[in-house]
Structures are given as C-alpha cells and as structure tokens.
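Everything below belongs to work_22.csv, which stores CSV, C-alpha atoms and all ligand atoms.
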chain,number,residue,atom,x,y,z
T,1,MET,CA,-5.2,13.1,-12.5
T,2,LYS,CA,-6.1,10.3,-10.2
T,3,ILE,CA,-7.0,7.3,-12.4
T,4,LEU,CA,-8.6,4.0,-11.5
T,5,LEU,CA,-7.8,1.3,-14.1
T,6,THR,CA,-9.3,-2.1,-14.2
T,7,GLY,CA,-7.7,-5.0,-16.0
T,8,ALA,CA,-4.2,-3.5,-15.4
T,9,THR,CA,-2.5,-6.9,-15.9
T,10,GLY,CA,-4.1,-7.5,-19.3
T,11,LEU,CA,-2.6,-6.7,-22.7
T,12,LEU,CA,-4.3,-3.3,-23.1
T,13,GLY,CA,-4.5,-2.4,-19.4
T,14,ASN,CA,-0.8,-2.8,-19.0
T,15,ALA,CA,-0.1,-0.6,-22.0
T,16,TYR,CA,-2.4,2.1,-20.7
T,17,ALA,CA,-0.8,1.8,-17.2
T,18,LYS,CA,2.6,2.4,-18.7
T,19,ALA,CA,1.4,5.4,-20.7
T,20,ALA,CA,-0.4,7.0,-17.8
T,21,LEU,CA,2.6,6.6,-15.5
T,22,ARG,CA,4.9,8.2,-18.2
T,23,ARG,CA,2.5,11.2,-18.2
T,24,GLY,CA,2.9,11.5,-14.4
T,25,HIS,CA,-0.7,10.5,-13.5
T,26,SER,CA,-1.6,8.9,-10.1
T,27,LEU,CA,-2.5,5.4,-11.1
T,28,ASN,CA,-4.5,2.9,-9.1
T,29,ALA,CA,-4.1,-0.3,-11.0
T,30,LEU,CA,-6.7,-2.9,-10.3
T,31,SER,CA,-6.3,-6.6,-11.2
T,32,HIS,CA,-7.6,-10.0,-10.1
T,33,THR,CA,-5.3,-13.0,-10.1
T,34,GLN,CA,-1.9,-11.3,-10.6
T,35,ALA,CA,-0.9,-7.9,-9.1
T,36,CYS,CA,0.3,-5.1,-11.3
T,37,THR,CA,3.9,-4.5,-10.4
T,38,LEU,CA,4.8,-1.5,-12.5
T,39,THR,CA,7.1,1.0,-10.7
T,40,GLY,CA,5.4,4.2,-9.7
T,41,ILE,CA,1.8,3.1,-9.3
T,42,ALA,CA,-0.1,4.7,-6.4
T,43,SER,CA,-1.8,1.4,-5.5
T,44,ASN,CA,-2.4,-2.1,-7.0
T,45,PRO,CA,-5.4,-3.7,-5.4
T,46,GLN,CA,-6.4,-7.2,-6.3
T,47,LEU,CA,-10.1,-8.1,-6.3
T,48,ASP,CA,-12.6,-10.1,-8.1
T,49,ALA,CA,-14.6,-7.4,-10.0
T,50,SER,CA,-17.7,-9.6,-10.1
T,51,ASN,CA,-17.9,-8.6,-6.4
T,52,LEU,CA,-19.5,-5.2,-7.2
T,53,GLU,CA,-19.9,-4.3,-3.5
T,54,ALA,CA,-16.2,-4.5,-2.8
T,55,LEU,CA,-15.4,-2.7,-6.0
T,56,THR,CA,-17.8,0.1,-5.2
T,57,GLU,CA,-16.3,0.5,-1.8
T,58,LEU,CA,-12.9,0.8,-3.2
T,59,ILE,CA,-13.9,3.3,-5.9
T,60,LEU,CA,-15.8,5.5,-3.4
T,61,HIS,CA,-12.8,5.5,-1.2
T,62,LEU,CA,-10.4,6.5,-4.0
T,63,TRP,CA,-12.8,9.0,-5.7
T,64,PRO,CA,-10.9,9.0,-9.0
T,65,ASP,CA,-11.0,11.7,-11.7
T,66,VAL,CA,-11.0,9.1,-14.4
T,67,ILE,CA,-12.2,5.4,-14.5
T,68,VAL,CA,-10.8,3.3,-17.3
T,69,ASN,CA,-12.3,-0.2,-17.8
T,70,CYS,CA,-10.0,-2.7,-19.5
T,71,ALA,CA,-11.2,-5.7,-17.4
T,72,ALA,CA,-13.0,-8.3,-19.5
T,73,LEU,CA,-13.4,-11.9,-20.4
T,74,SER,CA,-11.8,-11.1,-23.7
T,75,ASN,CA,-11.5,-14.5,-25.3
T,76,PRO,CA,-14.7,-15.6,-27.2
T,77,SER,CA,-14.2,-19.3,-26.3
T,78,THR,CA,-13.9,-18.4,-22.5
T,79,VAL,CA,-17.1,-16.4,-22.8
T,80,GLU,CA,-18.9,-19.4,-24.4
T,81,ALA,CA,-17.6,-21.7,-21.7
T,82,GLN,CA,-18.5,-19.4,-18.8
T,83,PRO,CA,-21.5,-17.3,-19.8
T,84,GLU,CA,-22.5,-16.4,-16.3
T,85,LEU,CA,-19.1,-15.0,-15.4
T,86,ALA,CA,-19.0,-13.3,-18.8
T,87,ARG,CA,-22.2,-11.5,-18.0
T,88,LYS,CA,-20.8,-10.3,-14.6
T,89,ILE,CA,-17.5,-9.1,-16.0
T,90,ASN,CA,-18.4,-7.9,-19.5
T,91,ILE,CA,-21.8,-6.4,-18.7
T,92,ASP,CA,-22.5,-5.9,-14.9
T,93,LEU,CA,-19.1,-4.5,-14.2
T,94,PRO,CA,-19.1,-1.7,-16.9
T,95,LYS,CA,-22.6,-0.8,-16.0
T,96,GLN,CA,-21.7,-0.4,-12.3
T,97,LEU,CA,-18.6,1.6,-13.3
T,98,ALA,CA,-20.7,3.9,-15.5
T,99,GLN,CA,-23.2,4.5,-12.7
T,100,LEU,CA,-20.3,5.2,-10.2
T,101,SER,CA,-18.6,7.6,-12.7
T,102,THR,CA,-21.8,9.5,-13.0
T,103,HIS,CA,-22.1,9.7,-9.2
T,104,LEU,CA,-18.5,10.8,-8.8
T,105,GLY,CA,-18.4,13.2,-11.8
T,106,SER,CA,-15.5,11.1,-13.1
T,107,ARG,CA,-14.5,10.6,-16.8
T,108,PHE,CA,-15.4,7.0,-17.8
T,109,ILE,CA,-13.6,5.2,-20.6
T,110,HIS,CA,-14.8,1.8,-21.6
T,111,ILE,CA,-13.3,-0.5,-24.2
T,112,SER,CA,-15.4,-2.5,-26.7
T,113,THR,CA,-14.6,-4.5,-29.8
T,114,ASP,CA,-15.0,-4.8,-33.6
T,115,MET,CA,-16.7,-8.1,-32.8
T,116,VAL,CA,-20.0,-6.3,-32.3
T,117,PHE,CA,-20.3,-6.4,-36.1
T,118,ASP,CA,-21.0,-9.4,-38.3
T,119,GLY,CA,-18.3,-8.7,-40.8
T,120,LEU,CA,-20.5,-8.9,-43.9
T,121,SER,CA,-20.1,-5.2,-44.9
T,122,GLU,CA,-17.4,-4.5,-47.6
T,123,ALA,CA,-17.2,-0.9,-46.4
T,124,PRO,CA,-15.4,0.0,-43.2
T,125,TYR,CA,-17.8,0.2,-40.3
T,126,ARG,CA,-18.8,3.6,-39.0
T,127,SER,CA,-19.7,4.0,-35.3
T,128,THR,CA,-23.2,4.9,-36.4
T,129,ASP,CA,-23.7,1.5,-38.3
T,130,THR,CA,-26.0,-1.1,-36.8
T,131,PRO,CA,-24.0,-3.7,-34.9
T,132,ILE,CA,-25.0,-7.4,-35.3
T,133,PRO,CA,-22.7,-9.6,-33.2
T,134,THR,CA,-22.3,-13.2,-34.3
T,135,ASN,CA,-21.1,-14.7,-31.0
T,136,LEU,CA,-21.7,-14.4,-27.3
T,137,TYR,CA,-18.6,-12.4,-26.7
T,138,GLY,CA,-19.8,-9.8,-29.2
T,139,GLN,CA,-23.3,-9.8,-27.7
T,140,THR,CA,-22.0,-9.2,-24.1
T,141,LYS,CA,-19.8,-6.3,-25.4
T,142,LEU,CA,-22.7,-4.8,-27.3
T,143,ILE,CA,-25.1,-4.9,-24.3
T,144,ALA,CA,-22.3,-3.3,-22.2
T,145,GLU,CA,-21.9,-0.5,-24.7
T,146,ARG,CA,-25.6,0.3,-24.5
T,147,GLU,CA,-25.7,0.1,-20.6
T,148,VAL,CA,-22.6,2.4,-20.3
T,149,LEU,CA,-24.1,5.0,-22.6
T,150,ALA,CA,-27.4,4.8,-20.9
T,151,CYS,CA,-26.0,5.0,-17.3
T,152,ASN,CA,-23.5,7.8,-18.0
T,153,LYS,CA,-25.0,10.5,-20.2
T,154,GLU,CA,-22.5,13.2,-19.1
T,155,ASP,CA,-19.0,12.1,-19.8
T,156,PRO,CA,-18.6,8.5,-21.2
T,157,VAL,CA,-16.3,7.2,-23.9
T,158,VAL,CA,-16.9,3.8,-25.4
T,159,LEU,CA,-13.9,3.0,-27.7
T,160,ARG,CA,-14.3,0.0,-30.1
T,161,ILE,CA,-10.9,-1.5,-31.0
T,162,PRO,CA,-9.7,-4.3,-33.3
T,163,ILE,CA,-7.4,-7.3,-32.6
T,164,LEU,CA,-4.3,-6.1,-30.8
T,165,MET,CA,-0.6,-6.5,-31.4
T,166,GLY,CA,1.8,-5.7,-28.6
T,167,ASN,CA,3.4,-7.3,-25.6
T,168,SER,CA,1.1,-8.7,-22.8
T,169,PRO,CA,2.4,-9.5,-19.3
T,170,ALA,CA,1.1,-13.0,-19.7
T,171,GLY,CA,2.8,-13.4,-23.1
T,172,ASN,CA,-0.2,-15.1,-24.8
T,173,ARG,CA,-2.7,-12.3,-25.6
T,174,SER,CA,-1.6,-10.4,-28.7
T,175,VAL,CA,-1.6,-11.6,-32.3
T,176,HIS,CA,2.1,-12.5,-32.5
T,177,GLU,CA,2.1,-14.0,-29.0
T,178,LYS,CA,-0.9,-16.3,-29.9
T,179,LEU,CA,0.9,-17.3,-33.1
T,180,LEU,CA,4.1,-18.1,-31.2
T,181,VAL,CA,2.2,-20.1,-28.5
T,182,THR,CA,0.5,-22.1,-31.3
T,183,LEU,CA,3.9,-22.8,-33.0
T,184,HIS,CA,5.3,-23.9,-29.7
T,185,GLU,CA,2.5,-26.5,-29.4
T,186,LYS,CA,2.2,-27.5,-33.0
T,187,GLU,CA,4.6,-27.6,-36.0
T,188,GLN,CA,2.4,-25.4,-38.2
T,189,ALA,CA,-0.4,-22.9,-37.7
T,190,LYS,CA,-3.3,-22.6,-40.1
T,191,LEU,CA,-4.2,-19.0,-40.9
T,192,PHE,CA,-7.2,-17.6,-42.9
T,193,THR,CA,-6.5,-15.8,-46.1
T,194,ASP,CA,-10.1,-14.6,-46.5
T,195,GLU,CA,-10.6,-13.2,-43.0
T,196,LEU,CA,-9.6,-9.5,-42.9
T,197,ARG,CA,-8.8,-7.4,-39.8
T,198,GLN,CA,-7.4,-3.9,-39.1
T,199,PRO,CA,-5.0,-4.6,-36.3
T,200,CYS,CA,-3.5,-2.0,-34.0
T,201,SER,CA,-0.9,-2.1,-31.2
T,202,ALA,CA,-2.0,-2.0,-27.6
T,203,GLY,CA,0.6,0.9,-27.2
T,204,ASN,CA,-1.1,3.0,-29.8
T,205,VAL,CA,-4.6,2.3,-28.4
T,206,ALA,CA,-3.3,3.2,-25.0
T,207,GLU,CA,-2.1,6.6,-26.3
T,208,VAL,CA,-5.6,7.2,-27.7
T,209,MET,CA,-7.1,6.3,-24.4
T,210,LEU,CA,-4.7,8.6,-22.5
T,211,GLU,CA,-5.7,11.5,-24.8
T,212,LEU,CA,-9.3,10.7,-24.2
T,213,SER,CA,-8.7,10.6,-20.5
T,214,GLU,CA,-7.3,14.1,-20.6
T,215,ARG,CA,-9.7,15.5,-23.2
T,216,ARG,CA,-13.1,15.9,-21.6
T,217,ASP,CA,-14.6,17.5,-24.7
T,218,LEU,CA,-14.9,14.2,-26.6
T,219,HIS,CA,-17.8,12.0,-25.5
T,220,GLY,CA,-19.7,9.0,-27.0
T,221,LEU,CA,-18.9,6.0,-29.1
T,222,PHE,CA,-15.8,5.9,-31.2
T,223,HIS,CA,-13.8,3.5,-33.5
T,224,TRP,CA,-10.0,3.1,-33.4
T,225,ALA,CA,-7.7,0.8,-35.4
T,226,GLY,CA,-4.4,0.6,-37.3
T,227,SER,CA,-4.0,2.1,-40.7
T,228,GLU,CA,-3.9,-1.2,-42.7
T,229,VAL,CA,-6.5,-4.0,-43.4
T,230,LEU,CA,-4.7,-7.4,-43.7
T,231,SER,CA,-5.7,-11.0,-43.8
T,232,ARG,CA,-4.7,-13.2,-40.8
T,233,PHE,CA,-2.4,-15.1,-43.1
T,234,THR,CA,-0.6,-11.9,-44.3
T,235,MET,CA,-0.2,-10.8,-40.7
T,236,GLY,CA,1.3,-14.2,-39.8
T,237,GLN,CA,3.7,-14.0,-42.8
T,238,ARG,CA,4.9,-10.5,-41.8
T,239,ILE,CA,5.3,-11.5,-38.1
T,240,LEU,CA,7.4,-14.6,-39.1
T,241,ASN,CA,9.5,-12.5,-41.5
T,242,HIS,CA,10.0,-9.8,-38.8
T,243,LEU,CA,11.2,-12.4,-36.3
T,244,GLY,CA,13.4,-14.3,-38.8
T,245,LEU,CA,11.3,-17.4,-38.4
T,246,PRO,CA,10.6,-20.0,-41.2
T,247,ALA,CA,7.8,-19.0,-43.6
T,248,GLU,CA,6.6,-22.7,-43.7
T,249,SER,CA,5.5,-22.4,-40.0
T,250,ILE,CA,2.1,-21.1,-41.3
T,251,CYS,CA,-0.2,-22.6,-43.9
T,252,PRO,CA,-2.9,-20.6,-45.7
T,253,VAL,CA,-6.6,-21.8,-45.3
T,254,LYS,CA,-10.0,-20.3,-46.2
T,255,VAL,CA,-12.9,-19.7,-43.9
T,256,LYS,CA,-15.3,-20.6,-46.6
T,257,GLU,CA,-13.8,-24.1,-46.8
T,258,ASN,CA,-14.3,-24.6,-43.0
T,259,THR,CA,-17.9,-25.2,-42.3
T,260,ASN,CA,-17.5,-24.9,-38.5
T,261,CYS,CA,-16.2,-21.3,-38.9
T,262,SER,CA,-19.3,-19.9,-40.6
T,263,SER,CA,-20.1,-17.5,-37.7
T,264,ARG,CA,-16.7,-15.8,-37.8
T,265,PRO,CA,-16.9,-12.2,-39.0
T,266,ARG,CA,-15.1,-12.1,-42.4
T,267,ILE,CA,-14.1,-8.4,-42.8
T,268,LEU,CA,-13.8,-6.2,-39.7
T,269,ALA,CA,-12.5,-2.8,-40.8
T,270,PHE,CA,-13.3,0.6,-39.2
T,271,ASN,CA,-13.9,4.1,-40.5
T,272,LEU,CA,-11.9,6.1,-37.9
T,273,ASN,CA,-13.8,9.4,-38.3
T,274,PRO,CA,-14.5,11.6,-36.4
T,275,LEU,CA,-11.8,10.6,-33.8
T,276,VAL,CA,-8.9,10.5,-36.1
T,277,SER,CA,-9.2,14.2,-37.0
T,278,LYS,CA,-9.5,15.2,-33.4
T,279,LEU,CA,-6.5,13.5,-31.8
T,280,LYS,CA,-2.8,14.0,-31.8
T,281,THR,CA,-2.2,10.3,-31.8
T,282,GLN,CA,-2.5,8.8,-35.3
T,283,PRO,CA,-3.2,5.2,-36.5
T,284,ILE,CA,0.0,3.3,-37.2
T,285,ASP,CA,0.8,0.8,-39.9
T,286,PHE,CA,1.6,-2.9,-39.4
T,287,GLN,CA,5.4,-2.4,-39.7
T,288,GLU,CA,5.2,0.1,-36.8
T,289,GLN,CA,3.2,-2.5,-34.8
T,290,LEU,CA,5.9,-5.1,-35.6
T,291,ASP,CA,8.6,-2.8,-34.4
T,292,GLU,CA,7.0,-2.8,-30.9
T,293,ILE,CA,7.3,-6.6,-30.5
T,294,THR,CA,9.6,-7.6,-27.7
T,295,PHE,CA,8.2,-10.9,-26.5
T,296,ILE,CA,9.5,-13.9,-28.5
T,297,GLU,CA,10.1,-16.5,-25.8
T,298,PRO,CA,7.7,-19.4,-26.6
T,299,LEU,CA,9.4,-20.3,-29.9
T,300,ARG,CA,12.9,-19.9,-28.6
T,301,ALA,CA,12.2,-22.1,-25.5
X,401,LIG,N1,-7.0,-8.3,-27.1
X,401,LIG,C1,-7.6,-8.0,-28.1
X,401,LIG,O1,-7.2,-8.3,-29.3
X,401,LIG,C2,-8.9,-7.1,-28.1
X,401,LIG,C3,-9.6,-6.8,-29.2
X,401,LIG,C4,-10.7,-6.0,-29.2
X,401,LIG,C5,-11.2,-5.6,-28.0
X,401,LIG,N2,-10.6,-5.9,-26.8
X,401,LIG,C6,-11.1,-5.4,-25.5
X,401,LIG,O2,-10.1,-4.7,-24.9
X,401,LIG,C7,-10.2,-4.8,-23.5
X,401,LIG,C8,-8.9,-5.3,-22.9
X,401,LIG,O3,-8.7,-6.6,-23.5
X,401,LIG,P1,-7.3,-7.4,-23.2
X,401,LIG,O4,-6.9,-8.1,-24.4
X,401,LIG,O5,-6.3,-6.4,-22.6
X,401,LIG,O6,-7.7,-8.4,-22.1
X,401,LIG,P2,-6.8,-9.5,-21.3
X,401,LIG,O7,-5.4,-9.4,-21.7
X,401,LIG,O8,-7.6,-10.7,-21.4
X,401,LIG,O9,-6.9,-8.9,-19.8
X,401,LIG,C9,-8.1,-9.0,-19.1
X,401,LIG,C10,-8.0,-8.2,-17.8
X,401,LIG,O10,-9.2,-8.4,-17.1
X,401,LIG,C11,-8.9,-8.8,-15.7
X,401,LIG,N3,-10.0,-9.6,-15.2
X,401,LIG,C12,-10.7,-10.6,-15.8
X,401,LIG,N4,-11.6,-11.2,-14.9
X,401,LIG,C13,-11.5,-10.4,-13.8
X,401,LIG,C14,-12.2,-10.4,-12.6
X,401,LIG,N5,-13.1,-11.3,-12.3
X,401,LIG,N6,-12.0,-9.4,-11.7
X,401,LIG,C15,-11.0,-8.5,-11.9
X,401,LIG,N7,-10.3,-8.4,-13.1
X,401,LIG,C16,-10.6,-9.3,-14.0
X,401,LIG,C17,-7.7,-9.6,-15.8
X,401,LIG,O11,-7.1,-9.7,-14.6
X,401,LIG,P3,-6.3,-11.1,-14.1
X,401,LIG,O12,-5.4,-11.4,-15.2
X,401,LIG,O13,-5.6,-10.7,-12.8
X,401,LIG,O14,-7.4,-12.1,-13.9
X,401,LIG,C18,-6.9,-8.8,-16.9
X,401,LIG,O15,-6.2,-7.8,-16.2
X,401,LIG,C19,-11.4,-5.8,-23.3
X,401,LIG,O16,-12.6,-5.0,-23.1
X,401,LIG,C20,-11.5,-6.5,-24.6
X,401,LIG,O17,-12.9,-6.9,-24.8
X,401,LIG,C21,-9.4,-6.7,-26.8
Any chance you could put this one into structure tokens?
Amino acid sequence: MKILLTGATGLLGNAYAKAALRRGHSLNALSHTQACTLTGIASNPQLDASNLEALTELILHLWPDVIVNCAALSNPSTVEAQPELARKINIDLPKQLAQLSTHLGSRFIHISTDMVFDGLSEAPYRSTDTPIPTNLYGQTKLIAEREVLACNKEDPVVLRIPILMGNSPAGNRSVHEKLLVTLHEKEQAKLFTDELRQPCSAGNVAEVMLELSERRDLHGLFHWAGSEVLSRFTMGQRILNHLGLPAESICPVKVKENTNCSSRPRILAFNLNPLVSKLKTQPIDFQEQLDEITFIEPLRA
C-alpha cells in the first residue's frame, strides 16, 4: 500500500514508520523541522502542516491508499502556550486530512488520547463514554475526533491511546525518556502515587495501527492501551530498577496534596473492547514495554 504518514519524526510516527517499512509498504514520511531518515522510505517531505494548501497539493499528488496522522502538538503545556498553533495542528490538520481521505477514497487513521476524559471514573473508560477534557490539549483532541468522524463517514479510524513508552528520535518524548531528562537536570524526580495510567509502548500501538491500516473492515472510534494500570511512581520505580539506577532518584508525592495539580485526570484506564477481540496484536504488560527501552543517554552523559 502507498501510505502517507504525518508526524514521522515523533515518538509514535517513527514507530509506525518502522512497522510499515518492515511490512514492505511504500511509505511517504512527512515531518516538519527534522527529516525522517529511515532506510527504505519512498519520500520524506518536510513541510509545516499548518500550511493546508501545500499539504493538500502534496497529498493530491501522492494519492495514497492510507493516510495516518501522527502529527500533533502533543505536549499539554505547549498547547497552553501556543493555542492558535495548537488549533491549526490538532484540529484543522486532521479535519483537512479527513476531508481529503474521503475525496481520495483513502483509509484514514487519526490518533487521539486518553486525555479527553476527566479521570474521575473508577471504571475503565469505554469508547462510548462521554468525554470531558480537563485541559486545552484534551479539548483540541476531542474537537478533532468529532471533526474527523463527521468529515469521513466512510472509512475513518480514531484511535485513543494512553501515555507512551518507547524510544523517540528526539530522546525526550516517552515516559522513561522524560524521567531520564528530568534526572539529568535535577537530582530527584517527584512522581505521583495517586495518578494512575495504563501505559503502552509506541511499538505496540504502531502494530495496532498497521493492522488497522490493512483491515478496512474496522471503522470508528477505538481505545488501545497496555495490559496494566500503574501509578506514575510505580512506573518510575520499575524503570529505574530495569535500568539499574538508584531507587532514591524518585520521590513519591500525592496529587491531592498539590493544589496546582487539581485539573490533572487521576485515573485514566481504558476498556479495550471491541478492538482487542478483533486484532492479532494484543496489549502488552509493563515488563514487555521496559524490554523495548534502548535510549538511556541523558543519565549516562
Ligand atoms: N506521546 C504520548 O504519550 C501520547 C499519549 C497519548 C496520545 N498521543 C497522541 O499520539 C500522537 C503522536 O504523538 P507523539 O508523542 O508521537 O508526538 P511527538 O513525539 O510530539 O511528535 C509530533 C510530530 O508532529 C510533527 N509536527 C508538529 N508540528 C508540526 C507542523 N507544524 N507541521 C508538520 N509536522 C508537525 C512533529 O514534527 P517535527 O518534530 O519535525 O516538528 C513530530 O513528527 C499525537 O496525536 C498525540 O496527541 C501521544
């Protein structure tokens, strides 16, 4: 298949690009500030995706079978700092891609987030539950989901995913990379014991996306995550233990004792039905996610 991938230099886009190349697909890997340099790609255009005219011209020229959107302003604090750019990249871009995919008859896969929920439910969220985002990042992602599903009624997939483990080209995007960057800057990192997440690796999500790229019988809004729900502190402990780093590098704190963190979703866990019963790829546990870690430079430097 001919695939157009946006955000190819990001944590998830890079993992998807590698998976698509392994399967022998023709991959056009779009990015912005850095070019995607993976061996075997068909093309690696660099453009600012807020320039929808240039993007449209490129896509009409390529006429891909599948469009995969991993481009985003994915950091909530960047979204708060640059709301206009966030609107362009997190909402206008997926909307335009959804419209183009309808026009071209292409499969469209768009990535969303567990941050569309407020984290107040004790039960794992189903894709049919009502989302209530607590920050601007979650709001932009929710609006985009609705635009995508409204603009492409034929063949869309919106995949909500949790925080990601894995190895990003930039070395600062995944859970363990962010922890190592913090420890490089400070002696100790504070991690919440009462904020629960269901992490997954970018590699595992990429396999799911690849199956969805190839399986045109699955449409709509789906949830995917790992198989374990863990506190941020427990994740930190297990990362340090896995890398042979001192346990005292992290210190346990509670969200409820930090008044400036009141808008943070407390428990973000997903019910993975119906996708989990329809795919060959299965959710992986935290140990399997740890086993994928290769990047440990910041702390060693
Ligand atoms: N990472 C997570 O833990 C997580 C959790 C839940 C959901 N998600 C979602 O998963 C998707 C992928 O996230 P990620 O973590 O892989 O993101 P990321 O590592 O921050 O990468 C973002 C990508 O978007 C590209 N991009 C940003 N602005 C652009 C622009 N103006 N024009 C063209 N490209 C632009 C970046 O290209 P350059 O680097 O070249 O600028 C980069 O390739 C996003 O939809 C995100 O919301 C991520």
Problem - Two-atom distance - CA of Leu268 (chain T), CA of Asp194 (chain T) (Å) - result: 11.4 Å
Fill in the blank from the handout: Thr140 (chain T) proximity check over T:Gly203, T:Gly226, T:Pro162, T:Pro83, using only C-alpha atoms: winner is T:Pro83
Exercise for the section: Between T:Leu11, T:Leu275, T:Met1, T:Ile267, single out the one closest to Ser26 (chain T), counting only C-alpha atoms. Expected result: T:Met1
Per residue of region 52-155 of chain T within 8 Å of region 205-223 of chain T, which atom pair is closest and at what distance in Å (one decimal), using all atoms listed in the file, listed by chain and increasing number, as a tab-separated table?
residue	atom	partner	partner_atom	distance
T:Val66	CA	T:Ser213	CA	6.7
T:Arg107	CA	T:Ser213	CA	6.9
T:Ile109	CA	T:Ser213	CA	7.3
T:Arg126	CA	T:His223	CA	7.4
T:Ser127	CA	T:Phe222	CA	6.0
T:Leu149	CA	T:Gly220	CA	7.4
T:Asp155	CA	T:His219	CA	5.8
Write out, as CSV, each residue of chain T that has an atom at most 7 Å from ligand LIG 401 (chain X), together with the closest pair of atoms and their distance in Å to one decimal, counting only C-alpha atoms and all ligand atoms, rows going by chain and rising number.
residue,atom,partner,partner_atom,distance
T:Thr6,CA,X:LIG401,N7,6.5
T:Gly7,CA,X:LIG401,O15,3.2
T:Ala8,CA,X:LIG401,O15,4.8
T:Thr9,CA,X:LIG401,O15,3.8
T:Gly10,CA,X:LIG401,O9,3.2
T:Leu11,CA,X:LIG401,O5,3.7
T:Leu12,CA,X:LIG401,O5,3.7
T:Gly13,CA,X:LIG401,O5,5.4
T:Ser31,CA,X:LIG401,O13,4.5
T:His32,CA,X:LIG401,O13,3.4
T:Thr33,CA,X:LIG401,O13,3.6
T:Gln34,CA,X:LIG401,O13,4.3
T:Ala35,CA,X:LIG401,O13,6.6
T:Leu47,CA,X:LIG401,C15,5.7
T:Asp48,CA,X:LIG401,N6,3.7
T:Ala49,CA,X:LIG401,N6,3.7
T:Ser50,CA,X:LIG401,N5,5.4
T:Cys70,CA,X:LIG401,C8,4.4
T:Ala71,CA,X:LIG401,O10,3.4
T:Ala72,CA,X:LIG401,O10,4.5
T:Leu73,CA,X:LIG401,C12,5.5
T:Ser74,CA,X:LIG401,O17,4.5
T:Asn75,CA,X:LIG401,O8,6.7
T:Ile89,CA,X:LIG401,N5,6.2
T:Ile111,CA,X:LIG401,O16,4.7
T:Ser112,CA,X:LIG401,O16,5.2
T:Thr113,CA,X:LIG401,C5,4.0
T:Asp114,CA,X:LIG401,C4,6.3
T:Lys141,CA,X:LIG401,O17,7.0
T:Arg160,CA,X:LIG401,C5,6.7
T:Ile161,CA,X:LIG401,C4,4.9
T:Pro162,CA,X:LIG401,C4,4.5
T:Ile163,CA,X:LIG401,O1,3.5
T:Leu164,CA,X:LIG401,O1,3.9
T:Ser168,CA,X:LIG401,O7,6.6
T:Arg173,CA,X:LIG401,O7,5.6
T:Ser174,CA,X:LIG401,N1,6.0
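In this structure, CA of Arg232 (chain T) sits 6.3 Å away from CA of Glu195 (chain T).
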Exercise for the section: May I ask which of the residues T:Ile132, T:Cys151, T:Ile143, T:Leu120 is the closest one to Leu97 (chain T), counting all atoms listed in the file? Expected result: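 Checking each of T:Ile132, T:Cys151, T:Ile143, T:Leu120 against Leu97 (chain T), counting all atoms listed in the file, the winner is T:Cys151.
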Problem - T:Asn69, T:Ser106, T:Gln289, T:Asn172 ranked by distance to Glu145 (chain T), top pick (using only C-alpha atoms) - result: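 Of the candidates, the smallest distance to Glu145 (chain T) is held by T:Asn69.
Straight-line separation from CA of Ala269 (chain T) to CA of Gln198 (chain T): 5.5 Å.
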Handout entry: Nearest to Trp224 (chain T), chosen from T:Tyr125, T:Ile293, T:Val148, T:Ile239, with only C-alpha atoms counted in the distances
Key =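 Checking each candidate against Trp224 (chain T), we get T:Tyr125 as the closest.
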Completion exercise
Using all atoms listed in the file, the residue out of T:Ser227, T:Thr182, T:Ser201, T:Thr78 with shortest distance to Tyr16 (chain T) is T:Ser201
Problem - Within 8 Å of Tyr137 (chain T) using only C-alpha atoms, minus same-chain residues under 6 positions, as a ChimeraX atom specification - result: /T:74-76,79-80,86,115
Exercise for the section: Pick out the residues sitting within 10 Å of Phe233 (chain T), and hand them over as a list in words; count all atoms listed in the file, and ignore anything fewer than 5 positions along from it in its own chain. Expected result: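 Listed by chain and then number, they are Ala189, Lys190, Leu191, Phe192, Thr193, Asp194, Glu195, Leu196, Arg238, Ile239, Ile250, Cys251, Pro252, Val253 and Lys254 of chain T.
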How would region 281-294 of chain T look with N, CA and C atoms restored, written as an mmCIF file, keeping the file's coordinate frame?
data_model
loop_
_atom_site.group_PDB
_atom_site.id
_atom_site.type_symbol
_atom_site.label_atom_id
_atom_site.label_comp_id
_atom_site.auth_asym_id
_atom_site.auth_seq_id
_atom_site.Cartn_x
_atom_site.Cartn_y
_atom_site.Cartn_z
ATOM 1 N N THR T 281 -2.605 11.627 -31.437
ATOM 2 C CA THR T 281 -2.200 10.300 -31.800
ATOM 3 C C THR T 281 -2.825 9.857 -33.096
ATOM 4 N N GLN T 282 -2.045 9.233 -33.955
ATOM 5 C CA GLN T 282 -2.500 8.800 -35.300
ATOM 6 C C GLN T 282 -2.427 7.304 -35.428
ATOM 7 N N PRO T 283 -3.240 6.702 -36.308
ATOM 8 C CA PRO T 283 -3.200 5.200 -36.500
ATOM 9 C C PRO T 283 -1.788 4.861 -37.068
ATOM 10 N N ILE T 284 -1.317 3.690 -36.670
ATOM 11 C CA ILE T 284 0.000 3.300 -37.200
ATOM 12 C C ILE T 284 -0.137 2.048 -38.064
ATOM 13 N N ASP T 285 0.856 1.871 -38.973
ATOM 14 C CA ASP T 285 0.800 0.800 -39.900
ATOM 15 C C ASP T 285 1.340 -0.518 -39.271
ATOM 16 N N PHE T 286 1.250 -1.626 -40.011
ATOM 17 C CA PHE T 286 1.600 -2.900 -39.400
ATOM 18 C C PHE T 286 3.108 -2.990 -39.099
ATOM 19 N N GLN T 287 3.936 -2.346 -39.937
ATOM 20 C CA GLN T 287 5.400 -2.400 -39.700
ATOM 21 C C GLN T 287 5.682 -1.711 -38.320
ATOM 22 N N GLU T 288 5.017 -0.575 -38.059
ATOM 23 C CA GLU T 288 5.200 0.100 -36.800
ATOM 24 C C GLU T 288 4.780 -0.785 -35.616
ATOM 25 N N GLN T 289 3.722 -1.569 -35.839
ATOM 26 C CA GLN T 289 3.200 -2.500 -34.800
ATOM 27 C C GLN T 289 4.255 -3.612 -34.576
ATOM 28 N N LEU T 290 4.837 -4.094 -35.690
ATOM 29 C CA LEU T 290 5.900 -5.100 -35.600
ATOM 30 C C LEU T 290 7.080 -4.624 -34.809
ATOM 31 N N ASP T 291 7.410 -3.362 -35.041
ATOM 32 C CA ASP T 291 8.600 -2.800 -34.400
ATOM 33 C C ASP T 291 8.434 -2.729 -32.862
ATOM 34 N N GLU T 292 7.194 -2.825 -32.367
ATOM 35 C CA GLU T 292 7.000 -2.800 -30.900
ATOM 36 C C GLU T 292 7.131 -4.165 -30.252
ATOM 37 N N ILE T 293 7.230 -5.225 -31.071
ATOM 38 C CA ILE T 293 7.300 -6.600 -30.500
ATOM 39 C C ILE T 293 8.576 -6.777 -29.711
ATOM 40 N N THR T 294 8.420 -7.252 -28.453
ATOM 41 C CA THR T 294 9.600 -7.600 -27.700
ATOM 42 C C THR T 294 9.569 -9.069 -27.246
#
